[in-house]
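The file input.pdb comes next; it holds PDB, C-alpha atoms, pLDDT in the B column.
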```pdb
ATOM      1  CA  MET A1176     133.994  94.392 122.230  1.00 56.00           C
ATOM      2  CA  MET A1177     133.748  95.135 125.933  1.00 69.00           C
ATOM      3  CA  ASP A1178     136.213  97.612 127.373  1.00 84.00           C
ATOM      4  CA  ILE A1179     136.430  96.186 130.891  1.00 90.00           C
ATOM      5  CA  GLY A1180     140.088  97.135 131.276  1.00 92.00           C
ATOM      6  CA  SER A1181     139.409 100.844 130.730  1.00 90.00           C
ATOM      7  CA  ASN A1182     136.541 100.658 133.232  1.00 90.00           C
ATOM      8  CA  ILE A1183     138.857  99.107 135.822  1.00 94.00           C
ATOM      9  CA  ARG A1184     141.589 101.702 135.191  1.00 93.00           C
ATOM     10  CA  MET A1185     139.102 104.604 135.344  1.00 90.00           C
ATOM     11  CA  ILE A1186     137.612 103.398 138.653  1.00 92.00           C
ATOM     12  CA  ARG A1187     141.052 102.640 140.121  1.00 93.00           C
ATOM     13  CA  LYS A1188     142.400 106.101 139.235  1.00 94.00           C
ATOM     14  CA  ARG A1189     139.252 107.869 140.433  1.00 92.00           C
ATOM     15  CA  LYS A1190     139.642 106.117 143.796  1.00 94.00           C
ATOM     16  CA  ASN A1191     143.411 106.779 143.891  1.00 95.00           C
ATOM     17  CA  ILE A1192     144.217 103.070 144.125  1.00 95.00           C
ATOM     18  CA  THR A1193     147.499 101.858 142.638  1.00 95.00           C
ATOM     19  CA  ILE A1194     147.939  98.693 140.580  1.00 94.00           C
ATOM     20  CA  ALA A1195     150.205  97.475 143.392  1.00 95.00           C
ATOM     21  CA  GLN A1196     147.382  97.908 145.924  1.00 95.00           C
ATOM     22  CA  ILE A1197     144.964  95.955 143.702  1.00 95.00           C
ATOM     23  CA  CYS A1198     147.553  93.186 143.313  1.00 95.00           C
ATOM     24  CA  GLU A1199     148.160  93.061 147.049  1.00 95.00           C
ATOM     25  CA  GLU A1200     144.443  92.677 147.694  1.00 94.00           C
ATOM     26  CA  THR A1201     143.739  90.182 144.870  1.00 95.00           C
ATOM     27  CA  GLY A1202     146.981  88.189 144.692  1.00 96.00           C
ATOM     28  CA  LEU A1203     147.321  89.010 140.976  1.00 95.00           C
ATOM     29  CA  SER A1204     150.632  90.043 139.412  1.00 95.00           C
ATOM     30  CA  GLN A1205     151.236  93.645 138.338  1.00 94.00           C
ATOM     31  CA  GLY A1206     151.981  92.454 134.785  1.00 95.00           C
ATOM     32  CA  PHE A1207     148.650  90.615 134.621  1.00 96.00           C
ATOM     33  CA  MET A1208     146.750  93.645 136.005  1.00 95.00           C
ATOM     34  CA  SER A1209     148.457  95.874 133.450  1.00 94.00           C
ATOM     35  CA  GLN A1210     147.356  93.494 130.670  1.00 95.00           C
ATOM     36  CA  VAL A1211     143.795  93.496 132.066  1.00 95.00           C
ATOM     37  CA  GLU A1212     143.689  97.301 132.102  1.00 94.00           C
ATOM     38  CA  THR A1213     144.945  97.509 128.498  1.00 94.00           C
ATOM     39  CA  ASN A1214     142.477  94.800 127.375  1.00 92.00           C
ATOM     40  CA  LYS A1215     145.336  92.501 126.306  1.00 94.00           C
ATOM     41  CA  THR A1216     143.877  89.653 128.341  1.00 92.00           C
ATOM     42  CA  SER A1217     140.372  88.645 129.352  1.00 89.00           C
ATOM     43  CA  PRO A1218     140.149  87.804 133.047  1.00 92.00           C
ATOM     44  CA  SER A1219     137.790  85.130 134.345  1.00 94.00           C
ATOM     45  CA  ILE A1220     134.591  86.078 136.163  1.00 93.00           C
ATOM     46  CA  ALA A1221     136.209  84.955 139.447  1.00 95.00           C
ATOM     47  CA  THR A1222     139.180  87.279 138.804  1.00 95.00           C
ATOM     48  CA  LEU A1223     136.830  90.142 137.905  1.00 95.00           C
ATOM     49  CA  GLU A1224     134.924  89.523 141.150  1.00 95.00           C
ATOM     50  CA  ASN A1225     138.198  89.837 143.096  1.00 96.00           C
ATOM     51  CA  ILE A1226     139.115  93.059 141.245  1.00 96.00           C
ATOM     52  CA  ALA A1227     135.620  94.478 141.827  1.00 96.00           C
ATOM     53  CA  ARG A1228     135.902  93.637 145.546  1.00 95.00           C
ATOM     54  CA  ALA A1229     139.311  95.352 145.717  1.00 96.00           C
ATOM     55  CA  LEU A1230     137.820  98.437 144.015  1.00 96.00           C
ATOM     56  CA  ASN A1231     134.725  98.242 146.256  1.00 95.00           C
ATOM     57  CA  VAL A1232     132.288  98.257 143.316  1.00 94.00           C
ATOM     58  CA  PRO A1233     129.699  95.674 142.177  1.00 94.00           C
ATOM     59  CA  LEU A1234     130.968  93.257 139.520  1.00 93.00           C
ATOM     60  CA  ALA A1235     128.162  94.393 137.182  1.00 91.00           C
ATOM     61  CA  TYR A1236     129.590  97.942 137.213  1.00 89.00           C
ATOM     62  CA  LEU A1237     132.819  96.688 135.609  1.00 90.00           C
ATOM     63  CA  LEU A1238     130.779  95.151 132.790  1.00 88.00           C
ATOM     64  CA  LEU A1239     128.781  98.267 131.842  1.00 84.00           C
ATOM     65  CA  LYS A1240     129.281  99.673 128.367  1.00 81.00           C
ATOM     66  CA  LYS A1241     129.905 103.408 128.045  1.00 76.00           C
ATOM     67  CA  GLU A1242     126.337 104.067 126.871  1.00 76.00           C
ATOM     68  CA  GLU A1243     124.984 102.232 129.940  1.00 79.00           C
ATOM     69  CA  ARG A1244     126.812 104.467 132.419  1.00 80.00           C
ATOM     70  CA  MET A1245     125.559 107.681 133.937  1.00 83.00           C
ATOM     71  CA  ASN A1246     124.668 110.208 131.252  1.00 84.00           C
ATOM     72  CA  ILE A1247     125.220 113.797 132.390  1.00 86.00           C
ATOM     73  CA  VAL A1248     123.794 116.843 130.620  1.00 91.00           C
ATOM     74  CA  ARG A1249     124.692 120.161 132.259  1.00 93.00           C
ATOM     75  CA  LYS A1250     122.113 122.963 132.083  1.00 93.00           C
ATOM     76  CA  ASP A1251     124.291 125.099 129.802  1.00 93.00           C
ATOM     77  CA  GLU A1252     125.056 122.119 127.525  1.00 93.00           C
ATOM     78  CA  ARG A1253     121.463 121.091 126.703  1.00 93.00           C
ATOM     79  CA  LEU A1254     120.532 120.608 123.065  1.00 94.00           C
ATOM     80  CA  ILE A1255     117.755 123.086 122.254  1.00 94.00           C
ATOM     81  CA  THR A1256     115.416 122.492 119.305  1.00 93.00           C
ATOM     82  CA  THR A1257     111.991 123.662 118.200  1.00 92.00           C
ATOM     83  CA  SER A1258     108.957 121.511 117.486  1.00 90.00           C
ATOM     84  CA  GLY A1259     105.727 121.805 115.573  1.00 85.00           C
ATOM     85  CA  SER A1260     103.960 124.669 113.820  1.00 85.00           C
ATOM     86  CA  TYR A1261     104.199 126.815 116.961  1.00 87.00           C
ATOM     87  CA  LYS A1262     108.001 126.327 117.084  1.00 91.00           C
ATOM     88  CA  LEU A1263     107.860 125.239 120.728  1.00 94.00           C
ATOM     89  CA  LYS A1264     111.217 125.458 122.506  1.00 96.00           C
ATOM     90  CA  VAL A1265     112.427 121.987 123.522  1.00 95.00           C
ATOM     91  CA  GLU A1266     115.386 121.539 125.893  1.00 96.00           C
ATOM     92  CA  HIS A1267     116.707 117.983 125.750  1.00 95.00           C
ATOM     93  CA  LEU A1268     117.719 116.616 129.143  1.00 95.00           C
ATOM     94  CA  SER A1269     119.472 113.368 129.925  1.00 90.00           C
ATOM     95  CA  SER A1270     118.381 110.159 128.203  1.00 89.00           C
ATOM     96  CA  THR A1271     118.868 106.417 128.047  1.00 87.00           C
ATOM     97  CA  LYS A1272     118.475 103.972 125.175  1.00 84.00           C
ATOM     98  CA  ASN A1273     114.665 103.966 125.537  1.00 90.00           C
ATOM     99  CA  VAL A1274     113.809 107.038 127.657  1.00 92.00           C
ATOM    100  CA  ARG A1275     114.156 110.696 126.685  1.00 93.00           C
ATOM    101  CA  THR A1276     113.459 113.615 128.991  1.00 95.00           C
ATOM    102  CA  MET A1277     112.866 117.168 127.892  1.00 96.00           C
ATOM    103  CA  ILE A1278     111.496 120.516 128.983  1.00 97.00           C
ATOM    104  CA  VAL A1279     108.982 122.063 126.585  1.00 97.00           C
ATOM    105  CA  GLU A1280     107.912 125.711 126.681  1.00 97.00           C
ATOM    106  CA  LEU A1281     104.470 126.595 125.347  1.00 96.00           C
ATOM    107  CA  PRO A1282     103.856 130.352 124.934  1.00 96.00           C
ATOM    108  CA  PRO A1283     100.306 131.569 125.735  1.00 96.00           C
ATOM    109  CA  GLY A1284      97.814 130.236 123.181  1.00 95.00           C
ATOM    110  CA  SER A1285     100.235 127.745 121.642  1.00 95.00           C
ATOM    111  CA  SER A1286      99.801 123.989 121.431  1.00 94.00           C
ATOM    112  CA  THR A1287     101.522 120.827 120.248  1.00 92.00           C
ATOM    113  CA  GLY A1288      99.584 121.153 117.003  1.00 87.00           C
ATOM    114  CA  ASP A1289      96.239 122.190 115.573  1.00 86.00           C
ATOM    115  CA  THR A1290      94.983 118.608 115.704  1.00 88.00           C
ATOM    116  CA  PRO A1291      95.766 115.711 118.056  1.00 90.00           C
ATOM    117  CA  HIS A1292      98.610 113.444 116.930  1.00 89.00           C
ATOM    118  CA  ALA A1293      99.771 109.948 117.852  1.00 90.00           C
ATOM    119  CA  HIS A1294     103.117 108.135 117.907  1.00 89.00           C
ATOM    120  CA  GLU A1295     104.783 105.181 119.572  1.00 90.00           C
ATOM    121  CA  GLY A1296     105.630 105.359 123.276  1.00 92.00           C
ATOM    122  CA  GLU A1297     104.454 106.289 126.728  1.00 95.00           C
ATOM    123  CA  GLU A1298     104.731 109.798 128.158  1.00 96.00           C
ATOM    124  CA  VAL A1299     104.772 111.293 131.634  1.00 97.00           C
ATOM    125  CA  HIS A1300     104.234 115.066 131.934  1.00 97.00           C
ATOM    126  CA  ILE A1301     104.860 117.385 134.897  1.00 98.00           C
ATOM    127  CA  VAL A1302     103.611 120.972 134.677  1.00 98.00           C
ATOM    128  CA  MET A1303     106.462 123.026 136.102  1.00 98.00           C
ATOM    129  CA  LYS A1304     104.914 126.424 135.373  1.00 98.00           C
ATOM    130  CA  GLY A1305     101.652 127.778 133.979  1.00 97.00           C
ATOM    131  CA  SER A1306      98.310 126.223 133.053  1.00 97.00           C
ATOM    132  CA  ILE A1307      97.611 123.769 130.256  1.00 97.00           C
ATOM    133  CA  TYR A1308      94.780 121.774 128.743  1.00 97.00           C
ATOM    134  CA  ALA A1309      95.552 118.221 127.653  1.00 97.00           C
ATOM    135  CA  GLU A1310      93.420 115.753 125.753  1.00 96.00           C
ATOM    136  CA  GLN A1311      93.950 112.153 124.764  1.00 95.00           C
ATOM    137  CA  GLY A1312      91.145 110.438 122.889  1.00 91.00           C
ATOM    138  CA  GLU A1313      87.962 111.099 124.887  1.00 93.00           C
ATOM    139  CA  ASP A1314      89.818 112.201 128.051  1.00 95.00           C
ATOM    140  CA  ALA A1315      90.604 115.856 128.725  1.00 96.00           C
ATOM    141  CA  ALA A1316      91.605 117.950 131.731  1.00 97.00           C
ATOM    142  CA  GLU A1317      93.224 121.207 132.829  1.00 98.00           C
ATOM    143  CA  PHE A1318      96.527 121.060 134.674  1.00 98.00           C
ATOM    144  CA  HIS A1319      98.410 123.643 136.705  1.00 98.00           C
ATOM    145  CA  GLU A1320     101.869 124.007 138.225  1.00 97.00           C
ATOM    146  CA  GLY A1321     102.826 120.826 140.111  1.00 98.00           C
ATOM    147  CA  ASP A1322     100.202 118.626 138.420  1.00 98.00           C
ATOM    148  CA  SER A1323     101.246 115.604 136.387  1.00 98.00           C
ATOM    149  CA  PHE A1324      99.647 113.214 133.920  1.00 97.00           C
ATOM    150  CA  SER A1325     100.684 110.307 131.717  1.00 96.00           C
ATOM    151  CA  TRP A1326      99.415 108.441 128.688  1.00 95.00           C
ATOM    152  CA  ASN A1327     100.141 105.976 125.961  1.00 94.00           C
ATOM    153  CA  ALA A1328     101.093 108.173 122.991  1.00 93.00           C
ATOM    154  CA  CYS A1329      99.587 105.785 120.419  1.00 93.00           C
ATOM    155  CA  THR A1330      96.200 107.423 121.138  1.00 93.00           C
ATOM    156  CA  PRO A1331      95.899 110.872 119.479  1.00 94.00           C
ATOM    157  CA  HIS A1332      96.716 113.615 121.973  1.00 95.00           C
ATOM    158  CA  LEU A1333      97.152 117.366 122.232  1.00 94.00           C
ATOM    159  CA  VAL A1334      98.531 119.811 124.817  1.00 96.00           C
ATOM    160  CA  LYS A1335      97.574 123.508 124.771  1.00 96.00           C
ATOM    161  CA  ASN A1336      98.628 126.484 126.918  1.00 97.00           C
ATOM    162  CA  ILE A1337      95.422 128.014 128.340  1.00 97.00           C
ATOM    163  CA  GLY A1338      97.145 130.493 130.647  1.00 96.00           C
ATOM    164  CA  SER A1339      98.473 134.016 130.240  1.00 96.00           C
ATOM    165  CA  GLU A1340     102.118 133.056 130.835  1.00 97.00           C
ATOM    166  CA  THR A1341     104.484 130.631 129.130  1.00 97.00           C
ATOM    167  CA  ALA A1342     103.778 127.097 130.334  1.00 97.00           C
ATOM    168  CA  VAL A1343     106.760 124.851 131.067  1.00 98.00           C
ATOM    169  CA  ILE A1344     106.314 121.065 131.014  1.00 98.00           C
ATOM    170  CA  MET A1345     108.870 118.377 131.766  1.00 97.00           C
ATOM    171  CA  ILE A1346     108.214 115.265 129.697  1.00 96.00           C
ATOM    172  CA  ALA A1347     109.669 111.776 129.873  1.00 96.00           C
ATOM    173  CA  VAL A1348     109.030 109.583 126.816  1.00 94.00           C
ATOM    174  CA  TYR A1349     109.580 105.816 126.850  1.00 94.00           C
ATOM    175  CA  ARG A1350     109.832 103.842 123.623  1.00 90.00           C
ATOM    176  CA  GLU A1351     110.703 100.204 123.021  1.00 85.00           C
ATOM    177  CA  SER A1352     112.682 101.027 119.893  1.00 73.00           C
ATOM    178  CA  GLU A1353     115.750 103.221 119.616  1.00 61.00           C
ATOM    179  CA  GLN A1354     114.689 105.997 117.301  1.00 54.00           C
ATOM    180  CA  ASP A1355     114.351 109.743 117.262  1.00 53.00           C
ATOM    181  CA  LEU A1356     111.718 110.681 119.800  1.00 48.00           C
ATOM    182  CA  GLY A1357     109.102 113.314 119.068  1.00 52.00           C
ATOM    183  CA  ILE A1358     107.511 115.412 121.780  1.00 52.00           C
ATOM    184  CA  VAL A1359     104.149 115.486 123.517  1.00 52.00           C
TER     185      VAL A1359
END
```
Written as structure tokens, that's how I'd like the structure from this file.
Amino acid sequence: MMDIGSNIRMIRKRKNITIAQICEETGLSQGFMSQVETNKTSPSIATLENIARALNVPLAYLLLKKEERMNIVRKDERLITTSGSYKLKVEHLSSTKNVRTMIVELPPGSSTGDTPHAHEGEEVHIVMKGSIYAEQGEDAAEFHEGDSFSWNACTPHLVKNIGSETAVIMIAVYRESEQDLGIV
């Protein structure tokens, strides 16, 4: 069930707009607005358009589900896990239904595995620090701070730290299906 009423109330309160002000602008009664905000009635699209206009937000914003809204992950609240035989540190950043972003640290000499691996999805990598070697199928290259590369992860691939300092890579992974996303 959609929770449009809570969305309206949250936006109204955040903007310090009273129910009376909304009613004045839309011509709706305070009782009706109260029922809308408590999800006791389902307003028409035309009524929602008037409410959205009074709140100065797009109609589509009122219709967003909680999981479709902005997802905030503060630096000190990131989930931190390890991955692979080298126990690479993975900091999970913000995500959507199909896209996950993370920061992966590769200590000198470490890699995403001893052999290339494949999985569903597309990946974009940005080298934030250090030097790495990446290979996908027959393609291979060295990358340094500021460089980026991308690939379809269904082709076996491998990333290795070739520098003398810990390499830090930011990775965005896109997958069609909603499932636990691996790394690199």
Just give me the gap between CA of Ile1247 (chain A) and CA of Thr1271 (chain A) in Å, one decimal is fine.
->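 Computed distance, CA of Ile1247 (chain A) to CA of Thr1271 (chain A), equals 10.7 Å.
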Evaluate the PyMOL selection byres ((chain A and resi 1297) around 9) here and jot the selected residues down as a PyMOL selection string.
-> chain A and resi 1295-1296+1298-1299+1325-1329+1347-1350
Name all residues at most 12 Å from His1319 (chain A) (count all atoms listed in the file; drop same-chain ones fewer than 6 positions away) and give them as JSON, numbers by chain.
-> {"A": [1300, 1301, 1302, 1303, 1304, 1305, 1306, 1307, 1308, 1309, 1335, 1336, 1337, 1338, 1340, 1341, 1342, 1343, 1344]}
Hits from the PyMOL selection byres ((chain A and resi 1203) around 12), listed as a VMD selection string = chain A and resid 1194 to 1202 1204 to 1211 1218 1221 to 1223 1225 to 1226 1229
Of the residues A:His1267, A:Arg1187, A:Lys1240, A:Arg1228, which is the one nearest to Arg1253 (chain A), using all atoms listed in the file?
->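 Using all atoms listed in the file, the shortest distance to Arg1253 (chain A) belongs to A:His1267.
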Provide the CA of Met1345 (chain A) to CA of Glu1320 (chain A) distance in Å, to one decimal place.
->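 Atom-to-atom, CA of Met1345 (chain A) to CA of Glu1320 (chain A), that is 11.1 Å.
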Box for region 1277-1290 of chain A - axis-aligned, 3 Å on each of the six sides, all listed atoms - centre and size in Å to one decimal, as AutoDock Vina command-line options.
```
--center_x 103.9 --center_y 124.4 --center_z 122.3 --size_x 23.9 --size_y 20.4 --size_z 19.4
```
re CA of Met1185 (chain A) and CA of Leu1230 (chain A): distance 10.7 Å
Could you give me, as a PyMOL selection string, the residues within 8 Å of Ser1181 (chain A), counting only C-alpha atoms and dropping anything in the same chain fewer than 4 positions from it?
-> chain A and resi 1185+1212-1214
